[in-house]
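Here's protein-v9.txt, which has compact mmCIF, C-alpha atoms:
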# COMPACT_ATOMS: atom_id res chain seq x y z
CA MET A 134 31.17 47.97 38.78
CA GLU A 135 33.32 45.19 40.21
CA GLU A 136 36.89 45.39 38.93
CA ASN A 137 39.42 42.57 39.12
CA GLN A 138 43.06 43.23 39.92
CA SER A 139 44.39 42.37 36.44
CA THR A 140 45.58 45.00 33.97
CA GLU A 141 42.63 44.34 31.64
CA TYR A 142 38.86 44.26 31.89
CA THR A 143 37.49 40.78 31.27
CA GLY A 144 34.22 38.89 31.01
CA LYS A 145 30.92 40.74 31.06
CA CYS A 146 32.70 44.01 31.91
CA SER A 147 34.82 43.73 28.77
CA GLU A 148 31.83 42.97 26.57
CA GLU A 149 29.91 45.98 27.90
CA LEU A 150 32.90 48.28 27.48
CA ASP A 151 33.45 47.01 23.94
CA LYS A 152 29.99 48.27 22.99
CA LEU A 153 30.39 51.46 25.03
CA MET A 154 33.70 52.35 23.33
CA GLU A 155 32.06 52.05 19.93
CA GLN A 156 29.35 54.42 21.12
CA VAL A 157 31.51 57.08 22.78
CA TYR A 158 34.07 57.26 19.97
CA GLY A 159 31.28 57.60 17.44
CA ASP A 160 29.70 60.58 19.21
CA LYS A 161 31.40 63.97 19.72
CA ALA A 162 29.23 64.52 22.80
CA TYR A 163 31.72 62.35 24.72
CA CYS A 164 34.78 64.40 23.75
CA PHE A 165 37.01 65.19 26.70
CA THR A 166 36.50 68.94 27.24
CA LYS A 167 37.65 69.27 30.84
CA ASN A 168 41.19 70.26 29.88
CA SER A 169 41.30 73.76 28.39
CA GLY A 170 44.79 73.30 26.94
CA LEU A 171 44.08 70.01 25.17
CA ILE A 172 42.93 70.25 21.57
CA ASP A 173 42.37 66.59 20.82
CA VAL A 174 42.98 66.75 17.07
CA ASN A 175 43.50 62.99 16.81
CA SER A 176 40.29 62.23 18.74
CA ARG A 177 42.06 60.01 21.28
CA PHE A 178 40.24 60.97 24.49
CA ARG A 179 36.68 60.49 25.74
CA ILE A 180 34.86 60.97 29.06
CA PHE A 181 31.86 58.86 30.00
CA LYS A 182 29.92 57.22 32.82
CA PHE A 183 30.00 53.48 33.46
CA TYR A 184 28.08 51.99 36.39
CA ASP A 185 27.58 55.52 37.80
CA LYS A 186 31.31 56.31 37.84
CA THR A 187 33.07 58.74 35.52
CA TYR A 188 35.96 57.47 33.43
CA ILE A 189 38.42 58.79 30.86
CA SER A 190 39.51 56.68 27.93
CA LYS A 191 42.55 57.09 25.70
CA LYS A 192 42.90 55.41 22.33
CA THR A 193 46.32 53.80 22.15
CA ASP A 194 48.52 51.14 20.61
CA ARG A 195 48.56 47.67 22.21
CA LEU A 196 52.26 47.69 23.11
CA ILE A 197 52.25 51.33 24.25
CA GLY A 198 49.16 50.69 26.34
CA LYS A 199 50.76 47.70 28.07
CA ARG A 200 53.90 49.72 28.72
CA GLU A 201 51.93 52.55 30.33
CA VAL A 202 50.07 50.17 32.62
CA ARG A 203 53.32 48.42 33.55
CA ASN A 204 55.02 51.77 34.26
CA ALA A 205 52.09 52.95 36.38
CA GLU A 206 52.19 49.74 38.41
CA SER A 207 55.95 50.11 38.96
CA ALA A 208 55.50 53.75 39.99
CA ASP A 209 52.66 52.71 42.29
CA SER A 210 54.88 50.18 44.06
CA ARG A 211 57.44 52.93 44.76
CA LEU A 212 55.15 55.92 45.31
CA SER A 213 51.58 55.28 46.36
CA GLY A 214 50.88 55.99 50.00
CA THR A 215 53.88 58.30 50.28
CA LYS A 216 53.02 61.27 52.48
CA VAL A 217 54.12 64.77 51.62
CA GLU A 218 52.94 67.49 54.01
CA LYS A 219 49.20 66.85 54.50
CA PHE A 220 48.79 64.97 51.21
CA GLU A 221 49.15 61.37 50.13
CA ILE A 222 50.50 60.63 46.65
CA GLN A 223 48.44 58.22 44.59
CA VAL A 224 49.32 56.82 41.15
CA VAL A 225 46.32 56.41 38.85
CA ILE A 226 46.72 53.02 37.14
CA PRO A 227 44.76 52.65 33.90
CA LYS A 228 43.28 49.40 32.62
CA ILE A 229 43.27 48.07 29.08
CA VAL A 230 40.14 47.50 27.03
CA LYS A 231 40.62 45.59 23.78
CA THR A 232 37.78 45.71 21.25
CA THR A 233 37.72 43.89 17.93
CA SER A 234 39.78 46.62 16.24
CA LYS A 235 41.07 49.09 18.86
CA VAL A 236 42.88 49.29 22.19
CA TYR A 237 41.97 51.79 24.90
CA LEU A 238 43.29 52.75 28.32
CA ILE A 239 40.56 53.54 30.83
CA SER A 240 41.11 55.42 34.10
CA PRO A 241 38.73 56.76 36.74
CA TYR A 242 38.27 60.52 36.38
CA LYS A 243 39.82 62.17 39.45
CA GLY A 244 38.95 65.81 38.75
CA GLU A 245 40.44 68.82 37.01
CA SER A 246 44.21 68.95 36.63
CA LEU A 247 46.37 71.86 37.74
CA GLN A 248 46.57 72.93 34.11
CA GLU A 249 43.17 74.56 34.60
CA CYS A 250 44.82 76.97 37.07
CA TYR A 251 46.66 78.87 34.37
CA TYR A 252 43.46 79.04 32.35
CA GLY A 253 41.84 80.72 35.37
CA LYS A 254 39.27 77.97 35.90
CA SER A 255 40.45 76.56 39.23
CA LYS A 256 42.60 77.41 42.23
CA ASN A 257 46.19 76.26 42.53
CA ASN A 258 46.37 74.28 45.79
CA LEU A 259 50.03 73.41 45.33
CA THR A 260 52.78 75.60 46.76
CA SER A 261 56.21 75.80 45.16
CA ASP A 262 57.72 74.22 48.32
CA LEU A 263 55.33 71.27 48.08
CA LEU A 264 56.07 70.92 44.35
CA ILE A 265 59.80 70.67 45.02
CA LYS A 266 59.23 68.13 47.79
CA ILE A 267 57.30 65.92 45.35
CA LEU A 268 60.06 66.28 42.77
CA ASN A 269 62.57 65.23 45.41
CA ILE A 270 60.53 62.09 46.13
CA PHE A 271 60.82 61.07 42.45
CA ILE A 272 64.58 61.62 42.55
CA GLU A 273 65.00 59.69 45.81
CA LYS A 274 62.90 56.77 44.56
CA GLY A 275 64.66 56.65 41.19
CA ILE A 276 61.62 57.59 39.07
CA TYR A 277 62.43 59.50 35.87
CA TYR A 278 59.01 61.13 35.41
CA ARG A 279 59.41 63.94 32.86
CA ASP A 280 55.63 64.08 32.50
CA PHE A 281 55.21 65.30 36.07
CA LEU A 282 53.41 68.39 34.77
CA PRO A 283 50.37 70.48 35.78
CA ARG A 284 48.20 68.67 33.21
CA ASN A 285 49.03 65.32 34.84
CA THR A 286 48.62 66.42 38.45
CA ILE A 287 45.27 66.51 40.28
CA VAL A 288 45.06 67.86 43.83
CA ASN A 289 42.03 66.76 45.83
CA ILE A 290 41.76 68.89 48.97
CA GLU A 291 38.86 66.91 50.48
CA GLU A 292 40.59 63.54 50.16
CA LYS A 293 44.00 65.10 50.85
CA LYS A 294 45.43 63.25 47.87
CA ILE A 295 47.61 64.16 44.92
CA PHE A 296 46.72 61.98 41.93
CA LEU A 297 49.35 61.49 39.21
CA ILE A 298 48.46 60.33 35.68
CA ASP A 299 50.13 59.61 32.31
CA TRP A 300 52.93 57.10 32.89
CA GLU A 301 53.64 56.30 29.26
CA ASN A 302 57.20 57.66 29.21
CA VAL A 303 58.84 56.88 32.54
CA GLY A 304 62.18 55.37 33.54
CA PHE A 305 63.17 53.65 36.76
CA TYR A 306 66.68 53.80 38.22
CA THR A 307 68.59 53.43 41.45
CA LYS A 308 68.56 56.59 43.53
CA ASP A 309 72.34 56.86 43.14
CA ASP A 310 72.09 57.32 39.38
CA THR A 311 73.71 60.71 38.72
CA ASN A 312 71.98 61.14 35.33
CA LEU A 313 68.43 61.09 36.72
CA TRP A 314 68.08 64.89 36.67
CA ASP A 315 69.08 65.87 33.15
CA ILE A 316 68.68 68.97 30.97
CA SER A 317 65.61 67.58 29.17
CA TRP A 318 63.72 66.98 32.43
CA GLU A 319 64.84 70.31 33.84
CA THR A 320 63.63 72.16 30.71
CA ASN A 321 60.25 70.42 30.71
CA PHE A 322 59.82 71.04 34.43
CA LEU A 323 60.71 74.76 34.31
CA LEU A 324 58.62 75.39 31.18
CA ASN A 325 55.41 73.76 32.39
CA TRP A 326 55.49 74.61 36.09
CA GLY A 327 56.67 78.10 35.10
CA TYR A 328 53.05 78.81 34.18
CA LEU A 329 52.12 78.50 37.86
CA PHE A 330 55.27 79.73 39.60
CA PRO A 331 58.07 82.15 38.63
CA VAL A 332 60.83 80.24 36.83
CA SER A 333 63.47 82.08 38.89
CA GLU A 334 61.84 80.78 42.10
CA LEU A 335 61.76 77.22 40.78
CA LYS A 336 65.43 77.37 39.78
CA LYS A 337 66.40 78.62 43.20
CA LEU A 338 64.50 75.83 44.94
CA ILE A 339 65.89 73.14 42.63
CA TYR A 340 69.51 74.22 42.93
CA LYS A 341 69.61 75.34 46.56
CA LYS A 342 67.16 72.99 48.29
CA LEU A 343 67.62 69.82 46.22
CA ARG A 344 71.13 70.60 44.97
CA LEU A 345 70.22 69.18 41.57
CA ASN A 346 72.60 70.11 38.77
CA SER A 347 71.89 69.25 35.14
CA ASN A 348 75.47 70.18 34.18
CA ASN A 349 76.38 66.55 34.93
CA ASP A 350 74.08 65.42 32.12
CA LYS A 351 75.64 62.63 30.03
CA SER A 352 72.41 61.16 28.71
CA PRO A 353 71.83 60.68 24.95
CA LEU A 354 69.74 63.13 22.94
CA ILE A 355 65.98 62.62 23.03
CA THR A 356 63.96 62.67 19.77
CA TYR A 357 63.25 66.41 19.86
CA GLU A 358 66.94 67.23 20.37
CA LYS A 359 68.00 64.86 17.58
CA THR A 360 65.52 66.55 15.24
CA PHE A 361 66.82 69.98 16.22
CA LYS A 362 70.39 68.91 15.40
CA GLU A 363 69.29 67.35 12.11
CA ILE A 364 67.34 70.42 10.93
CA LEU A 365 70.28 72.73 11.55
CA ASN A 366 72.78 70.18 10.22
CA ILE A 367 75.30 71.02 12.95
CA ASN A 368 77.95 68.92 14.64
CA TYR A 369 78.22 69.91 18.29
CA SER A 370 78.41 67.84 21.47
CA ASP A 371 75.18 66.38 22.86
CA PHE A 372 75.56 68.53 25.96
CA TYR A 373 75.82 71.73 23.87
CA ILE A 374 72.78 70.72 21.78
CA LYS A 375 70.76 70.07 24.95
CA LYS A 376 71.68 73.46 26.42
CA LEU A 377 70.85 75.22 23.15
CA VAL A 378 67.48 73.47 22.86
CA SER A 379 66.69 74.38 26.47
CA THR A 380 67.37 78.07 25.84
CA ILE A 381 65.18 78.11 22.73
CA VAL A 382 62.25 76.12 24.13
CA LEU A 383 62.09 78.10 27.40
CA GLU A 384 61.90 81.34 25.40
CA ALA A 385 59.60 80.08 22.63
CA GLU A 386 56.92 78.49 24.84
CA LYS A 387 57.10 80.55 28.02
CA LYS A 388 54.10 82.24 29.59
CA ASN A 389 52.89 85.32 27.73
CA ASN A 390 51.46 87.89 30.14
CA SER A 391 50.03 89.99 27.28
CA PHE A 392 47.16 87.53 26.81
CA SER A 393 44.93 86.23 29.59
CA THR A 394 42.58 84.31 27.28
CA GLY A 395 43.00 81.75 24.53
CA LEU A 396 45.43 78.87 24.15
CA LYS A 397 48.75 79.28 25.91
CA PRO A 398 52.04 79.12 23.94
CA LEU A 399 53.09 75.71 25.29
CA ASP A 400 49.67 74.21 24.47
CA ILE A 401 49.82 75.61 20.93
CA ALA A 402 53.24 73.95 20.57
CA HIS A 403 51.76 70.70 21.92
CA MET A 404 49.00 70.85 19.31
CA ILE A 405 51.53 71.58 16.52
CA SER A 406 53.42 68.45 17.58
CA ASP A 407 50.23 66.33 17.57
CA VAL A 408 49.21 67.58 14.13
CA PHE A 409 52.50 67.74 12.23
CA GLY A 410 55.03 65.72 14.23
CA ASN A 411 58.46 66.48 15.60
CA LYS A 412 60.05 68.31 12.67
CA VAL A 413 57.45 71.07 12.43
CA ASP A 414 57.24 71.23 16.23
CA VAL A 415 60.98 72.02 16.42
CA LEU A 416 60.75 74.51 13.57
CA PHE A 417 57.79 76.23 15.23
CA ASP A 418 59.80 76.68 18.44
CA MET A 419 62.67 78.18 16.43
CA ILE A 420 60.35 80.70 14.74
CA CYS A 421 58.66 81.60 18.04
CA TYR A 422 62.05 82.02 19.71
CA GLU A 423 63.19 84.48 17.05
CA SER A 424 59.88 86.35 17.05
CA ARG A 425 59.63 86.68 20.83
CA LYS A 426 63.28 87.65 21.15
CA ASN A 427 63.50 90.11 18.27
CA ASN A 428 59.97 91.29 17.47
CA ILE A 429 57.39 90.51 20.14
CA GLU A 430 54.71 92.50 18.29
CA ILE A 431 54.77 89.97 15.43
CA TYR A 432 54.44 87.09 17.86
CA ASN A 433 51.57 88.72 19.78
CA LEU A 434 49.72 89.42 16.54
CA PHE A 435 50.14 85.76 15.54
CA LEU A 436 48.73 84.62 18.92
CA GLU A 437 45.81 87.03 18.65
CA LYS A 438 44.90 85.94 15.10
CA LEU A 439 45.23 82.23 15.87
CA ASN A 440 43.12 82.44 19.03
CA ASN A 441 40.47 84.53 17.24
CA ILE A 442 40.19 81.82 14.57
CA PHE A 443 39.95 79.08 17.20
CA TYR A 444 37.39 81.08 19.17
CA ASN A 445 35.09 81.08 16.13
CA LEU A 446 35.52 77.34 15.59
CA GLU A 447 34.00 74.65 17.77
CA LEU A 448 37.33 72.86 17.99
CA PHE A 449 35.97 69.61 19.40
CA LYS A 450 33.57 69.37 16.46
CA THR A 451 35.96 70.68 13.81
CA PRO A 452 37.44 68.08 11.40
CA LYS A 453 41.18 67.58 11.74
CA LYS A 454 41.81 68.67 8.14
CA VAL A 455 40.30 72.10 8.90
CA ILE A 456 42.58 72.54 11.93
CA VAL A 457 45.57 71.41 9.82
CA THR A 458 44.72 74.02 7.16
CA VAL A 459 44.39 76.78 9.78
CA LEU A 460 47.71 75.89 11.39
CA ASN A 461 49.46 75.69 8.01
CA GLU A 462 48.23 79.15 7.08
CA MET A 463 49.16 80.61 10.47
CA LEU A 464 52.67 79.12 10.41
CA THR A 465 53.23 80.62 6.97
CA TYR A 466 51.81 83.93 8.21
CA LEU A 467 54.21 83.96 11.20
CA ILE A 468 57.31 83.16 9.19
CA ILE A 469 56.47 85.66 6.40
CA ASN A 470 55.89 88.41 8.95
CA PHE A 471 59.12 87.58 10.74
CA LEU A 472 61.11 87.64 7.49
CA THR A 473 59.40 90.80 6.27
CA HIS A 474 60.38 92.67 9.42
CA SER A 475 63.82 91.11 9.79
CA GLU A 476 66.98 92.70 8.58
CA LEU A 477 68.02 90.43 5.72
CA LYS A 478 71.67 91.34 5.53
CA ASP A 479 72.64 88.98 2.74
CA SER A 480 71.56 90.28 -0.68
CA LYS A 481 71.38 86.71 -2.00
CA ILE A 482 68.80 85.87 0.64
CA LYS A 483 66.81 88.96 -0.30
CA LYS A 484 66.83 87.89 -3.92
CA VAL A 485 65.66 84.36 -3.12
CA TYR A 486 63.00 85.72 -0.80
CA LEU A 487 61.58 88.11 -3.38
CA GLU A 488 61.59 85.99 -6.53
CA ASP A 489 58.68 83.86 -7.72
CA MET A 490 56.97 83.50 -4.33
CA PHE A 491 53.52 83.95 -5.81
CA ASN A 492 54.05 81.19 -8.37
CA LEU A 493 54.73 78.53 -5.77
CA THR A 494 52.34 76.09 -4.14
CA GLU A 495 51.74 76.54 -0.41
CA LYS A 496 54.02 73.58 0.33
CA GLN A 497 56.82 74.94 -1.90
CA LYS A 498 56.42 78.40 -0.46
CA PHE A 499 56.66 77.12 3.12
CA ARG A 500 59.77 75.06 2.30
CA LYS A 501 61.44 78.07 0.69
CA LEU A 502 60.53 80.39 3.56
CA THR A 503 61.82 77.81 6.02
CA ASN A 504 65.19 77.57 4.27
CA ILE A 505 65.57 81.36 4.36
CA PHE A 506 64.57 81.48 8.02
CA LEU A 507 67.08 78.80 9.00
CA VAL A 508 69.94 80.83 7.50
CA ILE A 509 68.97 83.77 9.73
CA PHE A 510 68.33 81.55 12.75
CA LYS A 511 71.74 79.83 12.56
CA GLU A 512 73.42 83.21 12.26
CA ASP A 513 71.51 84.57 15.25
CA ILE A 514 72.37 81.67 17.58
CA ASN A 515 75.89 81.55 16.16
CA VAL A 516 76.07 77.94 14.98
CA HIS A 517 77.56 76.72 11.72
Translate the structure described by the file into structure tokens.
Amino acid sequence: MEENQSTEYTGKCSEELDKLMEQVYGDKAYCFTKNSGLIDVNSRFRIFKFYDKTYISKKTDRLIGKREVRNAESADSRLSGTKVEKFEIQVVIPKIVKTTSKVYLISPYKGESLQECYYGKSKNNLTSDLLIKILNIFIEKGIYYRDFLPRNTIVNIEEKKIFLIDWENVGFYTKDDTNLWDISWETNFLLNWGYLFPVSELKKLIYKKLRLNSNNDKSPLITYEKTFKEILNINYSDFYIKKLVSTIVLEAEKKNNSFSTGLKPLDIAHMISDVFGNKVDVLFDMICYESRKNNIEIYNLFLEKLNNIFYNLELFKTPKKVIVTVLNEMLTYLIINFLTHSELKDSKIKKVYLEDMFNLTEKQKFRKLTNIFLVIFKEDINVH
């Protein structure tokens, strides 16, 4: 297939892809199944062959799609061709396909991401030293790339290249910008790469080798942090909120060594966010934090039950509404078990918890349970 250098496919290529997109999004056989941690509940991704090459497509919004292509091109101008040890960094730049009713981003498939390493399906060819060197390149070149994660990193040993994908949410700054390394990026980095390397080792390399310090963070709250503050209805400084969120997320979604199979905690959280949005995502992290910190048996039982249900479902062929129902039931199960085994010190809370629960709808029950949980959570983390 001959490709022009523009950001979009045009002419005959565009016409052929228009028909192909209709075909692949109408057939579950093209679902993208090469990422064990991705449960594509919104049916956004497909993998297919076009002129004997394998491609990945992502359903997107027109403006978001243009932004991602523009970001990838900017990153490419700063990054591509950069050598790090024996590897060359290469930015994967997607192209836009516009059909009569949809917009897609299409990229050449470069192989399995490093996410497959913590699912035991491929070998990790990245050392922690090399990882930190790559991070340092982003900092030096003024690229705020919070999505530099295992799932967006592909290491090709034969070509000696490191391919980087997913440039939707990236910022570009001068290298002298002191806010480039902030608490949000640090948290995301430690959480995700902590599945491949010990978090303590990563911290040591970040602080001692790169001398990065997130304590200088003066950036505004991101959406997740704003939602966290709103749910708890607290009035603390942005810096304090960021530190608090970091503590909770790193505990709630960290690697669980008790289970070697099934979805990992951070990928379950990712799916919760895709299905329910930010508010439930934040609440889920709060519940997992409390469960893992105070009663790990409850959390492990939740993980076991959820993964057993998913094991018996063909997730890529399961309607979204079925997955939503399962997740709703499991969230209620987790919070009820946590409350049942928690020491409810306040007699008023006990009374509210015990009365009329069976006469409520599932939605009312979940709202009531959530309100009770938040009282305990705020007390535990000592915020008012």
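The neighbours of A:Lys359 here are the residues that come within 10 Å of it, using only C-alpha atoms and leaving out any residue fewer than 6 positions away in the same chain; they are Pro353, Asp371, Ile374, Lys375, Asn411 and Lys412 of chain A.
The gap separating atom CA of A:Lys191 from atom CA of A:Ala208 is 19.6 Å, in Å to one decimal.
Between atom CA of A:Asp160 and atom CA of A:Val459 lies a distance of 23.8 Å.
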Could you check how far atom CA of A:Tyr432 sits from atom CA of A:Ile468, in Å to one decimal? 9.9 Å
Give me, as a list in words, all polymer residues having an atom no more than 6 Å from A:Phe296, counting all atoms listed in the file and skipping those fewer than 5 positions away in the same chain. Gln223, Val224, Thr286 and Ile287 of chain A
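With all atoms listed in the file as the atoms that count, the residue of A:Ile229, A:Leu467, A:Val516, A:Met404 with the shortest distance to A:Ile172 is A:Met404.
Omitting A:Leu377 and its sequence neighbours fewer than 6 positions away, and counting all atoms listed in the file, the residues within 12 Å are Ile316, Ser317, Thr320, Glu358, Phe361, Lys362, Leu365, Ile367, Tyr369, Ser370, Asp371, Leu383, Glu384, Met419, Tyr422, Lys511, Ile514, Asn515 and Val516 of chain A.
Nearest-residue note for A:Pro283: choosing from A:Tyr237, A:Phe183, A:Tyr328, A:Tyr158, the minimum distance belongs to A:Tyr328, counting only C-alpha atoms.
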Can you tell me which residues surround A:Lys337 at a distance of at most 12 Å, considering only C-alpha atoms, apart from same-chain residues fewer than 4 positions away, and format the answer as a PDB file with C-alpha atoms, in the coordinates of the input?
ATOM      1  CA  SER A 261      56.210  75.800  45.160  1.00  0.00           C
ATOM      2  CA  ASP A 262      57.720  74.220  48.320  1.00  0.00           C
ATOM      3  CA  ILE A 265      59.800  70.670  45.020  1.00  0.00           C
ATOM      4  CA  LEU A 323      60.710  74.760  34.310  1.00  0.00           C
ATOM      5  CA  PHE A 330      55.270  79.730  39.600  1.00  0.00           C
ATOM      6  CA  PRO A 331      58.070  82.150  38.630  1.00  0.00           C
ATOM      7  CA  VAL A 332      60.830  80.240  36.830  1.00  0.00           C
ATOM      8  CA  SER A 333      63.470  82.080  38.890  1.00  0.00           C
ATOM      9  CA  LYS A 341      69.610  75.340  46.560  1.00  0.00           C
ATOM     10  CA  LYS A 342      67.160  72.990  48.290  1.00  0.00           C
ATOM     11  CA  LEU A 343      67.620  69.820  46.220  1.00  0.00           C
ATOM     12  CA  ARG A 344      71.130  70.600  44.970  1.00  0.00           C
ATOM     13  CA  LEU A 345      70.220  69.180  41.570  1.00  0.00           C
ATOM     14  CA  ASN A 346      72.600  70.110  38.770  1.00  0.00           C
TER      15      ASN A 346
END
Which is closer to A:Arg425 than all the others in A:Ile381, A:Phe409, A:Lys397, A:Phe181, using all atoms listed in the file? A:Ile381
